[in-house]
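Notes for the one structure printed next.
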Amino acid sequence: MTTRGRVVVVGSANVDLVVDVPRPPRGGETILGGDLRRNPGGKGANQAVAAALAGGAETTFVGALGADDSADLLLTSLERAGVRTDLTGRADAPTGTALITVSPDGENTIVVAPGANARLELDTARTARIAAADVVLAQLEIPLDVVRGASAARGPGVLMALNAAPAQALPDDVWDAIDLLIVNEHEAVELTQAAGSAAELAAMLLERVSAVVITLGRGGCVVAEKGRDPLRIPGFSVDAVDTTGAGDTFCGVLAAALARGLELAEAARLACAAGALAVTRPGAQSAVPTAAEVAALAALDSGGDAR
């Protein structure tokens with residue numbers, strides 16, 4: 001942990017329109033919810049905020065926003081967290097929007113209108129920043145061609161991490177471009193088209209990539225690397241308020257820790273602590289903890305058990 005590490009997050013930015021509901025509506029049903037909240041979000045922007053604020057990395061966000069007040073909201077949140085936004089561009093489309101319901105137990109449902117995210121492209125300045133990174137982190141709320149381009153732009157030794165969310169089938173050349181795959185259990189099942197424990201799913205995914213992290217919510221995560229037994233990293237017991245963005249906080253802190261040179265299991269431990277803290281607060285970027293808070297929670301307990 002002698003350096004901050006350099007993370008480039010290539011991904012989406014959305015304004016989140018959030019409403020509390022007594023339960024998710026059924027098909028064709030209308031229910032009354034609480035007051036509408038308008039928050040900065042998007043998997044890429046959330047992960048960039050987490051990498052910078054909770055992970056302490058020198059973080060650049062490569063994304064596309066519209067020419068609207070939603071873009072201003074997102075830029076303010078990113079810059080407040082210390083994220084570099086000089087390569088965050090504007091597109092001829094509305095800023096991406098996510099429609100989110102949150103039930104009393106903190107669980108959420110999300111529908112995303114991509115907007116400007118679908119227009120993201122890589123130019124010379126962006127590929128140069130990617131080439132100089134320690135870790136590049138992408139998701140699937142942006143075009144697959146951008147993920148391919150980000151991987152191709154890497155310099156020697158740069159780790160390419162993909163949070164394969166929302167889940168979709170991946171072409172062979174995208175699989176070949178990934179060093180580290182980060183998914184939850186549902187996404188792991190979608191990618192493998194198989195059932196099994198997290199460790200079994202991770203073993204299947206290791207046939208395509210060198211390393212896998214499967215997140216388990218409050219159960220922590222499973223870390224798997226080729227040539228090593230899978231390791232279960234336990235979660236932390238907290239009172240959940242809102243799970244929106246918790247997985248993104250996990251991904252951002254994981255990338256930041258890897259950029260600082262930590263081993264994958266140790267980085268996942270910090271990421272679990274960060275994700276646990278994030279669910280105790282409402283919102284996505286507004287719920288991201290500080291690096292000091294993450295370190296304090298992670299220090300309360302240590303270890304993991306083979307599974």
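Just remember, in the structure tokens the first chain shown is A, the second B, etc., residues are 1-based per chain, and ligands are 1-based in the order shown.
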*Skipping near chain neighbours, those fewer than 4 positions away, what residues fall within 12 Å of segment 64-75 of chain A using only C-alpha atoms, listed as a ChimeraX atom specification?*
/A:10-17,38-42,44-46,48-49,79-98,114-122,126,141-143,146,284-286
*Members of segment 32-100 of chain A assigned alpha helix (DSSP H) by DSSP, as number ranges by chain*: A: 43-49, 69-80
Output C-alpha atoms of each residue in that selection to a file, as a compact mmCIF listing (two decimals), in the first residue's frame.
```
# COMPACT_ATOMS: atom_id res chain seq x y z
CA LYS A 43 -22.37 1.53 -12.60
CA GLY A 44 -19.29 3.18 -14.06
CA ALA A 45 -19.64 6.47 -12.19
CA ASN A 46 -20.48 4.66 -8.95
CA GLN A 47 -17.40 2.47 -9.29
CA ALA A 48 -15.21 5.47 -10.05
CA VAL A 49 -16.43 7.29 -6.93
CA ASP A 69 -28.61 19.25 -15.83
CA SER A 70 -28.33 15.52 -15.08
CA ALA A 71 -24.79 15.68 -16.47
CA ASP A 72 -23.99 18.57 -14.15
CA LEU A 73 -25.26 16.57 -11.16
CA LEU A 74 -23.01 13.65 -12.07
CA LEU A 75 -19.90 15.74 -12.72
CA THR A 76 -20.30 17.47 -9.36
CA SER A 77 -20.54 14.13 -7.54
CA LEU A 78 -17.54 12.64 -9.37
CA GLU A 79 -15.33 15.66 -8.78
CA ARG A 80 -16.35 15.92 -5.12
```
_Residue set, segment 107-265 of chain A restricted to strand (DSSP E), as a VMD selection string_ = chain A and resid 108 to 113 135 to 139 159 to 163 180 to 184 211 to 215 221 to 225 231 to 233
*Can you list, as a PyMOL selection string, every protein, DNA or RNA residue that comes within 12 Å of Glu187 of chain A when you count only C-alpha atoms, leaving out same-chain residues fewer than 2 positions away?*
chain A and resi 140+163-170+181-185+189-195+198+201-202+205+213-216
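Once Leu99 of chain A and its same-chain neighbours fewer than 3 positions away are set aside, Val15, Asp16, Leu17, Val18, Val19, Thr109, Ile110, Val111, Val112 and Ala113 of chain A remain within 9 Å of it when counting only C-alpha atoms.
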Could you take the residues named above and write them with C-alpha atoms, as a PDB file, in the first residue's frame?
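The resulting file, result31.pdb, is reproduced below:
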```
ATOM      1  CA  VAL A  15     -29.086   9.939 -12.935  1.00  0.00           C
ATOM      2  CA  ASP A  16     -31.021   7.655 -10.552  1.00  0.00           C
ATOM      3  CA  LEU A  17     -34.737   8.356 -10.071  1.00  0.00           C
ATOM      4  CA  VAL A  18     -35.498   6.510  -6.841  1.00  0.00           C
ATOM      5  CA  VAL A  19     -38.789   5.865  -5.069  1.00  0.00           C
ATOM      6  CA  THR A 109     -35.331  -3.134  -8.842  1.00  0.00           C
ATOM      7  CA  ILE A 110     -33.702  -1.098 -11.615  1.00  0.00           C
ATOM      8  CA  VAL A 111     -34.525  -0.254 -15.228  1.00  0.00           C
ATOM      9  CA  VAL A 112     -31.900   1.728 -17.187  1.00  0.00           C
ATOM     10  CA  ALA A 113     -32.388   3.987 -20.208  1.00  0.00           C
TER      11      ALA A 113
END
```
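The neighbours of Ile31 of chain A here are the residues that come within 12 Å of it, using only C-alpha atoms and leaving out any residue fewer than 5 positions away in the same chain; they are Val19, Asp20, Val21, Pro22, Arg23, Pro24, Pro25, Arg26 and Thr101 of chain A.
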_Restricting the calculation to only C-alpha atoms: of A:Thr244, A:Thr30, A:Val62, A:Val222, which residue gets closest to Asp123 of chain A?_
A:Val62
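When only C-alpha atoms are used to measure the gap to Gly245 of chain A, the shortest distance among A:Leu277, A:Ala132, A:Ala299, A:Ala188 belongs to A:Leu277.
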Within 8 Å of segment 253-273 of chain A, which residues of segment 62-180 of chain A come that close, and what is the closest atom pair and distance in Å for each? Count only C-alpha atoms and give it as CSV.
```
residue,atom,partner,partner_atom,distance
A:Asp134,CA,A:Ala259,CA,5.2
A:Val135,CA,A:Ala259,CA,5.6
A:Val136,CA,A:Ala255,CA,7.9
A:Leu137,CA,A:Ala255,CA,7.0
A:Ala161,CA,A:Ala255,CA,7.7
```
